[in-house]
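Raw contents of start.pdb, PDB, C-alpha atoms:
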ATOM      1  CA  MET A 187      85.891  30.341  53.127
ATOM      2  CA  THR A 188      86.756  29.358  49.566
ATOM      3  CA  PRO A 189      83.827  28.284  47.355
ATOM      4  CA  GLU A 190      84.160  24.941  45.578
ATOM      5  CA  LEU A 191      82.589  23.633  42.378
ATOM      6  CA  ARG A 192      82.277  20.178  43.918
ATOM      7  CA  TRP A 193      79.376  21.507  46.010
ATOM      8  CA  LEU A 194      77.247  21.225  42.859
ATOM      9  CA  SER A 195      77.481  17.428  42.911
ATOM     10  CA  ASP A 196      77.527  16.972  46.685
ATOM     11  CA  PRO A 197      73.975  16.443  48.065
ATOM     12  CA  THR A 198      75.181  17.152  51.599
ATOM     13  CA  VAL A 199      76.034  20.741  50.613
ATOM     14  CA  PHE A 200      72.919  22.712  49.700
ATOM     15  CA  ALA A 201      73.450  25.894  51.724
ATOM     16  CA  VAL A 202      76.570  27.737  52.880
ATOM     17  CA  ASN A 203      76.161  30.834  55.083
ATOM     18  CA  ARG A 204      72.494  31.058  54.130
ATOM     19  CA  LEU A 205      70.242  32.561  56.795
ATOM     20  CA  ASP A 206      67.577  30.396  58.388
ATOM     21  CA  ALA A 207      64.129  30.455  56.818
ATOM     22  CA  HIS A 208      61.574  32.734  58.488
ATOM     23  CA  SER A 209      58.107  34.162  58.014
ATOM     24  CA  ASP A 210      57.683  36.519  55.063
ATOM     25  CA  HIS A 211      56.249  39.417  57.066
ATOM     26  CA  LEU A 212      56.987  42.992  56.019
ATOM     27  CA  CYS A 213      59.139  44.908  58.505
ATOM     28  CA  CYS A 214      58.400  48.632  58.728
ATOM     29  CA  ARG A 215      59.975  51.539  60.555
ATOM     30  CA  THR A 216      56.698  53.182  61.623
ATOM     31  CA  PRO A 217      52.986  52.311  61.942
ATOM     32  CA  ASP A 218      52.278  54.643  59.000
ATOM     33  CA  GLU A 219      54.586  52.584  56.787
ATOM     34  CA  ALA A 220      52.817  49.425  57.920
ATOM     35  CA  GLU A 221      49.431  50.898  57.004
ATOM     36  CA  SER A 222      50.698  51.887  53.546
ATOM     37  CA  GLY A 223      52.261  48.482  52.857
ATOM     38  CA  LEU A 224      55.552  50.182  51.947
ATOM     39  CA  THR A 225      58.763  50.182  53.946
ATOM     40  CA  SER A 226      61.925  52.269  53.994
ATOM     41  CA  LEU A 227      63.855  49.233  55.259
ATOM     42  CA  ARG A 228      64.009  47.620  51.801
ATOM     43  CA  GLN A 229      65.911  48.472  48.631
ATOM     44  CA  SER A 230      65.047  46.700  45.394
ATOM     45  CA  LEU A 231      67.829  45.407  43.170
ATOM     46  CA  ASP A 232      65.460  44.456  40.351
ATOM     47  CA  GLY A 233      66.208  45.832  36.906
ATOM     48  CA  ALA A 234      69.179  45.615  34.561
ATOM     49  CA  TRP A 235      72.180  43.531  35.639
ATOM     50  CA  ARG A 236      75.460  42.943  33.800
ATOM     51  CA  PHE A 237      75.456  39.385  32.484
ATOM     52  CA  ALA A 238      77.518  36.714  30.749
ATOM     53  CA  TRP A 239      76.251  33.281  29.700
ATOM     54  CA  SER A 240      78.510  30.220  29.461
ATOM     55  CA  ALA A 241      77.702  26.761  28.114
ATOM     56  CA  ASN A 242      79.511  24.963  30.939
ATOM     57  CA  PRO A 243      81.614  25.702  34.043
ATOM     58  CA  ALA A 244      84.921  25.473  32.185
ATOM     59  CA  ALA A 245      83.845  28.278  29.829
ATOM     60  CA  ARG A 246      82.656  30.690  32.529
ATOM     61  CA  PRO A 247      84.533  33.885  33.496
ATOM     62  CA  ALA A 248      85.755  32.327  36.732
ATOM     63  CA  ASP A 249      87.170  35.528  38.245
ATOM     64  CA  PHE A 250      84.329  37.884  37.358
ATOM     65  CA  TRP A 251      83.664  38.461  41.066
ATOM     66  CA  GLN A 252      87.003  40.184  41.579
ATOM     67  CA  PRO A 253      86.635  43.932  42.351
ATOM     68  CA  ASP A 254      88.809  44.866  39.362
ATOM     69  CA  ALA A 255      87.388  42.251  36.955
ATOM     70  CA  ASP A 256      87.038  43.332  33.322
ATOM     71  CA  LEU A 257      83.333  43.228  32.438
ATOM     72  CA  SER A 258      83.695  44.657  28.935
ATOM     73  CA  GLY A 259      82.497  41.369  27.435
ATOM     74  CA  PHE A 260      79.327  41.297  29.545
ATOM     75  CA  GLY A 261      75.911  42.144  28.197
ATOM     76  CA  THR A 262      72.779  42.950  30.205
ATOM     77  CA  ILE A 263      69.811  40.951  31.456
ATOM     78  CA  ARG A 264      66.627  41.793  33.294
ATOM     79  CA  VAL A 265      66.095  40.616  36.867
ATOM     80  CA  PRO A 266      63.766  38.988  37.658
ATOM     81  CA  GLY A 267      63.647  36.841  34.540
ATOM     82  CA  HIS A 268      64.641  33.476  33.152
ATOM     83  CA  ILE A 269      67.867  33.287  31.181
ATOM     84  CA  GLU A 270      66.318  31.191  28.397
ATOM     85  CA  LEU A 271      63.570  33.765  27.791
ATOM     86  CA  GLN A 272      66.074  36.553  27.239
ATOM     87  CA  GLY A 273      68.079  35.184  24.342
ATOM     88  CA  TYR A 274      70.519  32.883  26.107
ATOM     89  CA  GLY A 275      70.722  29.102  26.163
ATOM     90  CA  GLN A 276      68.074  26.689  24.923
ATOM     91  CA  LEU A 277      64.464  26.122  25.947
ATOM     92  CA  GLN A 278      63.766  22.554  27.053
ATOM     93  CA  TYR A 279      60.649  20.753  28.212
ATOM     94  CA  THR A 280      60.671  17.277  29.724
ATOM     95  CA  ASN A 281      57.997  15.239  31.448
ATOM     96  CA  THR A 282      59.040  11.788  32.677
ATOM     97  CA  LEU A 283      62.662  11.993  31.507
ATOM     98  CA  TYR A 284      65.550  13.784  33.172
ATOM     99  CA  PRO A 285      66.902  16.651  31.037
ATOM    100  CA  TRP A 286      70.162  14.772  30.408
ATOM    101  CA  ASP A 287      68.648  11.361  29.560
ATOM    102  CA  GLY A 288      69.939  10.106  26.213
ATOM    103  CA  ARG A 289      72.756  12.668  26.243
ATOM    104  CA  SER A 290      74.827  11.859  29.339
ATOM    105  CA  CYS A 291      75.252   8.683  31.371
ATOM    106  CA  LEU A 292      74.827   9.991  34.905
ATOM    107  CA  ARG A 293      74.018   8.491  38.276
ATOM    108  CA  PRO A 294      72.829  10.435  41.322
ATOM    109  CA  PRO A 295      74.157  12.895  42.419
ATOM    110  CA  GLN A 296      76.355  13.539  39.376
ATOM    111  CA  VAL A 297      76.114  16.547  37.067
ATOM    112  CA  ASP A 298      77.300  16.792  33.477
ATOM    113  CA  TRP A 299      80.242  19.196  33.624
ATOM    114  CA  ASN A 300      80.138  19.565  29.839
ATOM    115  CA  ASP A 301      76.463  20.574  29.810
ATOM    116  CA  ASP A 302      75.701  22.702  32.867
ATOM    117  CA  PRO A 303      75.088  26.282  31.680
ATOM    118  CA  VAL A 304      76.274  29.136  33.910
ATOM    119  CA  GLY A 305      74.958  32.667  34.236
ATOM    120  CA  SER A 306      77.322  35.284  35.687
ATOM    121  CA  TYR A 307      75.429  38.283  37.106
ATOM    122  CA  VAL A 308      76.822  41.607  38.350
ATOM    123  CA  LYS A 309      74.907  44.438  40.037
ATOM    124  CA  GLU A 310      76.548  47.720  41.054
ATOM    125  CA  PHE A 311      74.682  49.993  43.444
ATOM    126  CA  ASP A 312      74.826  52.507  46.279
ATOM    127  CA  LEU A 313      73.079  51.742  49.524
ATOM    128  CA  ASP A 314      69.934  53.792  50.169
ATOM    129  CA  GLU A 315      70.251  56.322  52.978
ATOM    130  CA  SER A 316      67.498  54.547  54.925
ATOM    131  CA  LEU A 317      69.566  51.329  55.121
ATOM    132  CA  ARG A 318      72.930  52.804  56.080
ATOM    133  CA  GLY A 319      74.398  52.225  59.505
ATOM    134  CA  GLN A 320      72.340  49.076  60.079
ATOM    135  CA  ARG A 321      72.697  45.354  59.524
ATOM    136  CA  VAL A 322      71.974  44.670  55.842
ATOM    137  CA  CYS A 323      70.890  41.386  54.287
ATOM    138  CA  VAL A 324      70.066  40.391  50.720
ATOM    139  CA  SER A 325      67.072  38.273  49.756
ATOM    140  CA  PHE A 326      66.916  36.246  46.552
ATOM    141  CA  GLN A 327      63.282  35.208  46.231
ATOM    142  CA  GLY A 328      64.012  32.564  43.602
ATOM    143  CA  VAL A 329      67.173  31.386  41.809
ATOM    144  CA  GLU A 330      67.241  28.297  39.633
ATOM    145  CA  GLN A 331      69.070  26.136  40.449
ATOM    146  CA  ALA A 332      72.319  26.724  42.364
ATOM    147  CA  MET A 333      73.978  30.041  43.170
ATOM    148  CA  TYR A 334      77.285  31.351  44.511
ATOM    149  CA  LEU A 335      77.345  34.891  45.910
ATOM    150  CA  TRP A 336      80.095  37.497  46.328
ATOM    151  CA  CYS A 337      79.936  41.072  47.621
ATOM    152  CA  ASN A 338      82.753  43.529  46.913
ATOM    153  CA  GLY A 339      85.184  40.721  46.154
ATOM    154  CA  GLN A 340      84.350  38.626  49.228
ATOM    155  CA  PHE A 341      82.622  35.257  49.083
ATOM    156  CA  VAL A 342      79.290  35.418  50.927
ATOM    157  CA  GLY A 343      77.515  32.096  50.454
ATOM    158  CA  TYR A 344      75.934  29.337  48.397
ATOM    159  CA  ALA A 345      72.395  27.959  48.010
ATOM    160  CA  GLU A 346      70.472  25.433  45.924
ATOM    161  CA  ASP A 347      66.758  25.725  46.804
ATOM    162  CA  SER A 348      65.223  27.075  43.591
ATOM    163  CA  PHE A 349      61.702  27.923  44.662
ATOM    164  CA  THR A 350      62.227  29.224  48.180
ATOM    165  CA  PRO A 351      64.036  32.429  49.177
ATOM    166  CA  SER A 352      67.776  32.389  49.885
ATOM    167  CA  GLU A 353      68.997  35.180  52.164
ATOM    168  CA  PHE A 354      72.495  36.199  53.250
ATOM    169  CA  ASP A 355      73.996  38.712  55.684
ATOM    170  CA  LEU A 356      76.007  41.345  53.793
ATOM    171  CA  THR A 357      76.861  43.480  56.831
ATOM    172  CA  PRO A 358      80.592  42.580  56.969
ATOM    173  CA  TYR A 359      81.093  43.351  53.270
ATOM    174  CA  ILE A 360      78.728  46.118  52.193
ATOM    175  CA  ARG A 361      79.608  49.822  51.867
ATOM    176  CA  ASP A 362      77.501  52.956  51.632
ATOM    177  CA  GLU A 363      78.573  53.499  48.017
ATOM    178  CA  ASN A 364      80.105  51.666  45.060
ATOM    179  CA  ASN A 365      79.013  48.137  45.905
ATOM    180  CA  ARG A 366      79.356  45.233  43.494
ATOM    181  CA  LEU A 367      77.206  42.139  43.992
ATOM    182  CA  CYS A 368      78.173  39.087  41.908
ATOM    183  CA  VAL A 369      76.073  35.949  41.484
ATOM    184  CA  GLU A 370      77.087  32.791  39.648
ATOM    185  CA  VAL A 371      74.023  30.707  38.735
ATOM    186  CA  TYR A 372      74.224  27.078  37.601
ATOM    187  CA  LYS A 373      71.352  25.478  35.750
ATOM    188  CA  ARG A 374      71.905  22.064  37.352
ATOM    189  CA  SER A 375      73.233  20.633  40.587
ATOM    190  CA  SER A 376      72.649  17.483  42.605
ATOM    191  CA  ALA A 377      69.240  18.994  43.448
ATOM    192  CA  ALA A 378      68.219  18.404  39.813
ATOM    193  CA  TRP A 379      67.683  14.738  40.668
ATOM    194  CA  ILE A 380      64.813  15.647  43.031
ATOM    195  CA  GLU A 381      63.525  18.735  41.176
ATOM    196  CA  ASP A 382      62.428  16.651  38.213
ATOM    197  CA  GLN A 383      58.828  17.700  37.695
ATOM    198  CA  ASP A 384      56.734  18.141  34.592
ATOM    199  CA  PHE A 385      57.805  21.647  33.489
ATOM    200  CA  PHE A 386      60.013  23.718  31.224
ATOM    201  CA  ARG A 387      63.670  23.718  32.278
ATOM    202  CA  PHE A 388      64.638  27.306  32.993
ATOM    203  CA  SER A 389      67.453  28.879  34.991
ATOM    204  CA  GLY A 390      68.507  32.224  36.370
ATOM    205  CA  ILE A 391      67.359  34.790  38.933
ATOM    206  CA  PHE A 392      63.674  34.489  38.133
ATOM    207  CA  ARG A 393      62.202  36.246  41.188
ATOM    208  CA  SER A 394      62.899  39.589  42.829
ATOM    209  CA  VAL A 395      66.100  40.500  44.658
ATOM    210  CA  TYR A 396      66.158  43.096  47.412
ATOM    211  CA  LEU A 397      68.234  44.351  50.317
ATOM    212  CA  TYR A 398      66.682  44.813  53.717
ATOM    213  CA  ALA A 399      67.936  46.429  56.901
ATOM    214  CA  LYS A 400      67.618  44.964  60.371
ATOM    215  CA  PRO A 401      67.210  47.518  63.185
ATOM    216  CA  LYS A 402      68.983  46.973  66.509
ATOM    217  CA  VAL A 403      65.975  44.938  67.639
ATOM    218  CA  HIS A 404      64.378  43.037  64.778
ATOM    219  CA  ILE A 405      61.366  40.707  64.573
ATOM    220  CA  ASN A 406      62.968  37.865  62.669
ATOM    221  CA  ASP A 407      60.186  35.278  62.706
ATOM    222  CA  ILE A 408      56.453  35.254  63.483
ATOM    223  CA  TRP A 409      54.086  32.336  63.927
ATOM    224  CA  LEU A 410      50.471  33.242  64.681
ATOM    225  CA  LYS A 411      48.681  30.053  65.760
ATOM    226  CA  ALA A 412      44.921  30.578  65.426
ATOM    227  CA  ASP A 413      42.280  28.296  66.914
ATOM    228  CA  LEU A 414      38.637  28.332  68.044
ATOM    229  CA  ALA A 415      37.394  27.522  71.549
ATOM    230  CA  ALA A 416      34.695  24.909  72.159
ATOM    231  CA  ASP A 417      31.983  27.590  72.362
ATOM    232  CA  ASN A 418      32.618  28.445  68.677
ATOM    233  CA  THR A 419      32.595  32.175  69.462
ATOM    234  CA  THR A 420      35.915  32.680  71.241
ATOM    235  CA  GLY A 421      39.010  32.968  69.101
ATOM    236  CA  LEU A 422      42.336  31.693  70.400
ATOM    237  CA  LEU A 423      45.521  33.307  69.124
ATOM    238  CA  THR A 424      49.009  32.277  70.231
ATOM    239  CA  PRO A 425      51.710  34.612  68.878
ATOM    240  CA  LEU A 426      55.212  33.124  68.743
ATOM    241  CA  VAL A 427      57.780  35.800  67.971
ATOM    242  CA  LYS A 428      61.535  35.364  67.520
ATOM    243  CA  LEU A 429      63.652  38.491  68.006
ATOM    244  CA  ASP A 430      67.095  39.182  66.587
ATOM    245  CA  GLY A 431      69.777  41.672  67.606
ATOM    246  CA  GLU A 432      70.061  43.484  70.923
ATOM    247  CA  THR A 433      67.214  41.577  72.536
ATOM    248  CA  ASP A 434      68.073  41.995  76.239
ATOM    249  CA  GLY A 435      65.100  43.701  77.870
ATOM    250  CA  ALA A 436      63.159  43.874  74.599
ATOM    251  CA  SER A 437      59.444  43.105  74.442
ATOM    252  CA  VAL A 438      56.828  42.888  71.697
ATOM    253  CA  ALA A 439      53.453  44.630  71.652
ATOM    254  CA  LEU A 440      50.663  43.095  69.585
ATOM    255  CA  VAL A 441      47.623  44.818  68.118
ATOM    256  CA  VAL A 442      44.901  42.706  66.497
ATOM    257  CA  THR A 443      42.360  44.630  64.422
ATOM    258  CA  ASP A 444      39.197  43.588  62.650
ATOM    259  CA  PRO A 445      38.738  44.267  58.898
ATOM    260  CA  GLU A 446      37.340  47.704  59.731
ATOM    261  CA  GLY A 447      40.481  48.655  61.622
ATOM    262  CA  TYR A 448      39.094  48.480  65.163
ATOM    263  CA  ALA A 449      41.394  46.965  67.783
ATOM    264  CA  VAL A 450      40.098  43.725  69.288
ATOM    265  CA  TYR A 451      43.305  43.101  71.202
ATOM    266  CA  GLU A 452      46.112  45.345  72.321
ATOM    267  CA  GLY A 453      48.783  44.032  74.644
ATOM    268  CA  PRO A 454      51.975  42.003  74.981
ATOM    269  CA  ALA A 455      52.942  39.133  72.688
ATOM    270  CA  ALA A 456      54.788  36.889  75.095
ATOM    271  CA  GLY A 457      53.781  33.483  73.722
ATOM    272  CA  ASP A 458      50.625  33.166  75.832
ATOM    273  CA  THR A 459      47.303  32.280  74.214
ATOM    274  CA  ILE A 460      45.032  35.292  73.744
ATOM    275  CA  GLU A 461      41.258  34.941  73.907
ATOM    276  CA  ILE A 462      39.215  37.161  71.577
ATOM    277  CA  GLU A 463      35.474  37.049  72.112
ATOM    278  CA  GLY A 464      32.698  37.446  69.571
ATOM    279  CA  ILE A 465      34.398  35.656  66.685
ATOM    280  CA  GLN A 466      32.280  34.515  63.736
ATOM    281  CA  PRO A 467      33.633  31.151  62.550
ATOM    282  CA  TRP A 468      34.104  30.645  58.835
ATOM    283  CA  SER A 469      31.529  28.568  57.003
ATOM    284  CA  HIS A 470      30.649  28.086  53.347
ATOM    285  CA  ALA A 471      27.396  29.977  53.958
ATOM    286  CA  SER A 472      29.130  33.034  55.417
ATOM    287  CA  ALA A 473      32.333  32.964  53.379
ATOM    288  CA  GLY A 474      33.551  36.493  52.815
ATOM    289  CA  ALA A 475      31.490  37.939  55.675
ATOM    290  CA  LEU A 476      33.305  40.090  58.206
ATOM    291  CA  PRO A 477      33.789  38.746  61.723
ATOM    292  CA  ARG A 478      31.591  40.270  64.384
ATOM    293  CA  ARG A 479      33.248  42.862  66.569
ATOM    294  CA  THR A 480      33.378  42.347  70.298
ATOM    295  CA  ASP A 481      32.101  44.884  72.827
ATOM    296  CA  PRO A 482      31.670  48.108  70.795
ATOM    297  CA  ALA A 483      32.914  50.221  73.681
ATOM    298  CA  ARG A 484      36.161  48.280  73.574
ATOM    299  CA  CYS A 485      36.512  48.200  69.808
ATOM    300  CA  ARG A 486      35.559  51.680  68.669
ATOM    301  CA  ARG A 487      38.940  53.177  69.372
ATOM    302  CA  ARG A 488      41.697  52.885  66.834
ATOM    303  CA  PHE A 489      45.198  52.133  67.990
ATOM    304  CA  ALA A 490      47.238  55.307  67.582
ATOM    305  CA  GLY A 491      50.567  54.432  69.222
ATOM    306  CA  SER A 492      53.600  52.679  67.813
ATOM    307  CA  CYS A 493      53.774  48.894  67.828
ATOM    308  CA  ALA A 494      56.149  46.153  66.805
ATOM    309  CA  LEU A 495      53.566  43.747  65.426
ATOM    310  CA  ARG A 496      50.190  44.309  63.838
ATOM    311  CA  HIS A 497      47.786  41.613  62.675
ATOM    312  CA  ARG A 498      44.453  41.847  60.900
ATOM    313  CA  LEU A 499      41.946  39.261  62.014
ATOM    314  CA  PRO A 500      40.310  37.132  59.272
ATOM    315  CA  PRO A 501      37.207  35.004  59.771
ATOM    316  CA  LEU A 502      38.180  31.748  61.481
TER     317      LEU A 502
END

Once more with this new file: its structure as structure tokens, please.
Amino acid sequence: MTPELRWLSDPTVFAVNRLDAHSDHLCCRTPDEAESGLTSLRQSLDGAWRFAWSANPAARPADFWQPDADLSGFGTIRVPGHIELQGYGQLQYTNTLYPWDGRSCLRPPQVDWNDDPVGSYVKEFDLDESLRGQRVCVSFQGVEQAMYLWCNGQFVGYAEDSFTPSEFDLTPYIRDENNRLCVEVYKRSSAAWIEDQDFFRFSGIFRSVYLYAKPKVHINDIWLKADLAADNTTGLLTPLVKLDGETDGASVALVVTDPEGYAVYEGPAAGDTIEIEGIQPWSHASAGALPRRTDPARCRRRFAGSCALRHRLPPL
């Protein structure tokens, strides 16, 4: 697929090859990693990136994504961070006016091609050993406002949602070593017509960027639907789990623990509603109190085996 500049002014194009949104759970290789809150399945790309700023699309280095592109004229920028807070472009604050009012005569969904600053980002890296040989995706936690993405000279995708993550599958393009990730960020697109809130107008990769690996069987999405039975002491938990990869014959085990780490449920997560007895409902009088444990004989053993999904139980 060949990327096109016209996508910036086309409201029907706001994502190309972007992965579907999913829960923001942390995927870990082992239960010990889950307990520590750290995972070997992620690699951060935060830090210094090569960077060039252009006042408008016509002035940008259009071929900077090529594998042999000359980057001698590029400077550096910190990611995450706004472009305007690092010495490029112009700070602007507007309240009830659009940023281009009084300067350009535009109608939705037009953009001003003479005043749409562009940031060209380049990151070179080797893939961590713990990610090699697996499916690898990249997650941009926040890019304002529109972005085009290339990996090793191949176009990957396009996205416009500034304040939600944009993720892409890099598996067909990524190598173990000597990778070059290129991102072209535009300050304005057709989305600017509906992102007109009372704030400073910034642009750039302003939230973290990281790679993550997907094992052969991967928990892609989790929805834990919590409720309370009519007796006000029985908790109802319905786990909805979406798997990705080689899912034939795969199953998910769920462990629910109380704040002290004792297991109150251990079993399959097949979409059925689970009943957990002895729950203390939340109230303003008991806010912050720990939920009561169920039968002590059942709860006083800690789960020691491996599991695919672990959930700590808050007060309901």

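Residues within 9 Å of Arg236 of chain A, counting only C-alpha atoms and excluding same-chain residues fewer than 6 positions away, are Leu257, Phe260, Gly261, Thr262, Ile263, Arg264, Ser306, Tyr307, Val308, Lys309 and Glu310 of chain A.
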
List as a ChimeraX atom specification: which residues have an atom within 7 Å of (70.2, 26.0, 44.1), counting only C-alpha atoms? /A:329-333,345-348

For the residues in the current selection, export C-alpha atoms as a short mmCIF file (atom, residue, chain, number, x, y, z; two decimals), in the coordinates of the input.
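Okay, this is what ended up in out.cif:
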data_model
loop_
_atom_site.label_atom_id
_atom_site.label_comp_id
_atom_site.auth_asym_id
_atom_site.auth_seq_id
_atom_site.Cartn_x
_atom_site.Cartn_y
_atom_site.Cartn_z
CA VAL A 329 67.17 31.39 41.81
CA GLU A 330 67.24 28.30 39.63
CA GLN A 331 69.07 26.14 40.45
CA ALA A 332 72.32 26.72 42.36
CA MET A 333 73.98 30.04 43.17
CA ALA A 345 72.40 27.96 48.01
CA GLU A 346 70.47 25.43 45.92
CA ASP A 347 66.76 25.72 46.80
CA SER A 348 65.22 27.08 43.59
#

Nearest to Ser240 of chain A by atom-to-atom distance, counting all atoms listed in the file, from A:Asp314, A:Glu370, A:Asp206, A:Glu219: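 Residue with the minimum atom-to-atom distance to Ser240 of chain A: A:Glu370.
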
How many Å lie between atom CA of Leu317 of chain A and atom CA of Ser226 of chain A, rounded to one decimal?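 Rounded to one decimal, the two atoms are 7.8 Å apart.
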
Write out as a list in words the residues lying within 7 Å of Trp336 of chain A, counting all atoms listed in the file and excluding same-chain residues fewer than 5 positions away. Trp251, Phe341, Val342, Leu367, Cys368 and Val369 of chain A

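Distances to Phe237 of chain A were evaluated for A:Gly421, A:Gly305, A:Gly273, A:Pro189 using all atoms listed in the file, and the minimum falls at A:Gly305.
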
Quick check on the file I pasted: which residues fall under the PyMOL selection byres ((chain A and resi 422-428) around 10)? Write them as number ranges by chain. A: 208, 404-415, 419-421, 429-430, 433, 437-438, 440, 442, 454-463, 465, 495, 499, 502

Determine the nearest neighbour of Pro467 of chain A from the options A:Ala416, A:Pro247, A:Tyr398, A:Cys323, counting only C-alpha atoms.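 The closest residue to Pro467 of chain A is A:Ala416.
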
Report, as JSON, the centre and edge lengths in Å (one decimal) of the axis-aligned box enclosing every listed atom of segment 420-432 of chain A, padded by 8 Å on each side.
{"center_x": 53.0, "center_y": 37.6, "center_z": 68.9, "size_x": 50.1, "size_y": 27.8, "size_z": 20.7}

To one decimal place in Å, what is the distance between atom CA of Gly447 of chain A and atom CA of Thr225 of chain A?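 Result for atom CA of Gly447 of chain A versus atom CA of Thr225 of chain A: 19.9 Å, one decimal.
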
Check what the PyMOL selection byres ((chain A and resi 296) around 8) selects in the file above and give those residues as a PyMOL selection string. chain A and resi 195+292-295+297-298+375-376

Residues as selected, C-alpha atoms, written as a compact mmCIF listing (two decimals), in the coordinates of the input, can you do that?
# COMPACT_ATOMS: atom_id res chain seq x y z
CA SER A 195 77.48 17.43 42.91
CA LEU A 292 74.83 9.99 34.90
CA ARG A 293 74.02 8.49 38.28
CA PRO A 294 72.83 10.44 41.32
CA PRO A 295 74.16 12.90 42.42
CA VAL A 297 76.11 16.55 37.07
CA ASP A 298 77.30 16.79 33.48
CA SER A 375 73.23 20.63 40.59
CA SER A 376 72.65 17.48 42.60

Find the spatial neighbours of Arg321 of chain A, counting all atoms listed in the file, within a cut-off of 8 Å - ignore same-chain residues fewer than 5 positions away - and output them as a ChimeraX atom specification. /A:355-357,399-401

State, in Å with one decimal place, the distance from atom CA of Leu191 of chain A to atom CA of Phe250 of chain A. 15.2 Å

Using only C-alpha atoms, what residues lie at most 12 Å away from (60.3, 27.3, 43.9) (file coordinates), given as number ranges by chain? A: 326-331, 346-352, 381, 383, 388-389, 391-393

The PyMOL selection byres ((chain A and resi 285) around 10) applied to the shown file, residues as a list in words: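 For this structure, the PyMOL selection byres ((chain A and resi 285) around 10) resolves to Gln278, Tyr279, Thr280, Asn281, Thr282, Leu283, Tyr284, Trp286, Asp287, Gly288, Arg289, Ser290, Arg374, Ala378, Trp379, Asp382, Phe386 and Arg387 of chain A.
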
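Closest approach to Ala241 of chain A among A:Asp362, A:Glu446, A:Asp302, A:Asp196 is made by A:Asp302 (distances from all atoms listed in the file).
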
Could you check which of A:Glu353, A:Asp312, A:Asp444, A:Asp256 is closest to Tyr396 of chain A, using only C-alpha atoms?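 Residue with the minimum atom-to-atom distance to Tyr396 of chain A: A:Glu353.
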
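Counting all atoms listed in the file, Trp239 of chain A has the following residues at most 8 Å away, ignoring those fewer than 5 positions along the same chain: Arg246, Tyr274, Gly275, Pro303, Val304, Gly305 and Ser306 of chain A.
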
Could you add N, CA, C and O atoms to segment 239-249 of chain A and give me the result as an mmCIF file, in the frame of the given file?
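Output contents, as saved in part.cif:
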data_model
loop_
_atom_site.group_PDB
_atom_site.id
_atom_site.type_symbol
_atom_site.label_atom_id
_atom_site.label_comp_id
_atom_site.auth_asym_id
_atom_site.auth_seq_id
_atom_site.Cartn_x
_atom_site.Cartn_y
_atom_site.Cartn_z
ATOM 1 N N TRP A 239 76.725 34.660 29.719
ATOM 2 C CA TRP A 239 76.251 33.281 29.700
ATOM 3 C C TRP A 239 77.361 32.373 29.207
ATOM 4 O O TRP A 239 78.092 32.701 28.265
ATOM 5 N N SER A 240 77.499 31.203 29.846
ATOM 6 C CA SER A 240 78.510 30.220 29.461
ATOM 7 C C SER A 240 77.854 28.851 29.344
ATOM 8 O O SER A 240 76.962 28.510 30.132
ATOM 9 N N ALA A 241 78.319 28.060 28.381
ATOM 10 C CA ALA A 241 77.702 26.761 28.114
ATOM 11 C C ALA A 241 78.015 25.732 29.189
ATOM 12 O O ALA A 241 77.248 24.785 29.386
ATOM 13 N N ASN A 242 79.122 25.912 29.896
ATOM 14 C CA ASN A 242 79.511 24.963 30.939
ATOM 15 C C ASN A 242 80.472 25.652 31.903
ATOM 16 O O ASN A 242 80.981 26.743 31.613
ATOM 17 N N PRO A 243 80.752 25.052 33.046
ATOM 18 C CA PRO A 243 81.614 25.702 34.043
ATOM 19 C C PRO A 243 83.005 26.043 33.531
ATOM 20 O O PRO A 243 83.574 27.072 33.931
ATOM 21 N N ALA A 244 83.567 25.206 32.671
ATOM 22 C CA ALA A 244 84.921 25.473 32.185
ATOM 23 C C ALA A 244 84.983 26.747 31.342
ATOM 24 O O ALA A 244 86.035 27.382 31.254
ATOM 25 N N ALA A 245 83.863 27.115 30.719
ATOM 26 C CA ALA A 245 83.845 28.278 29.829
ATOM 27 C C ALA A 245 83.460 29.574 30.549
ATOM 28 O O ALA A 245 83.469 30.642 29.940
ATOM 29 N N ARG A 246 83.134 29.497 31.819
ATOM 30 C CA ARG A 246 82.656 30.690 32.529
ATOM 31 C C ARG A 246 83.801 31.659 32.838
ATOM 32 O O ARG A 246 84.956 31.225 32.940
ATOM 33 N N PRO A 247 83.509 32.937 33.037
ATOM 34 C CA PRO A 247 84.533 33.885 33.496
ATOM 35 C C PRO A 247 84.750 33.702 34.999
ATOM 36 O O PRO A 247 84.114 34.368 35.823
ATOM 37 N N ALA A 248 85.644 32.807 35.357
ATOM 38 C CA ALA A 248 85.755 32.327 36.732
ATOM 39 C C ALA A 248 86.086 33.421 37.740
ATOM 40 O O ALA A 248 85.720 33.316 38.916
ATOM 41 N N ASP A 249 86.757 34.473 37.318
ATOM 42 C CA ASP A 249 87.170 35.528 38.245
ATOM 43 C C ASP A 249 86.339 36.790 38.104
ATOM 44 O O ASP A 249 86.777 37.871 38.508
#
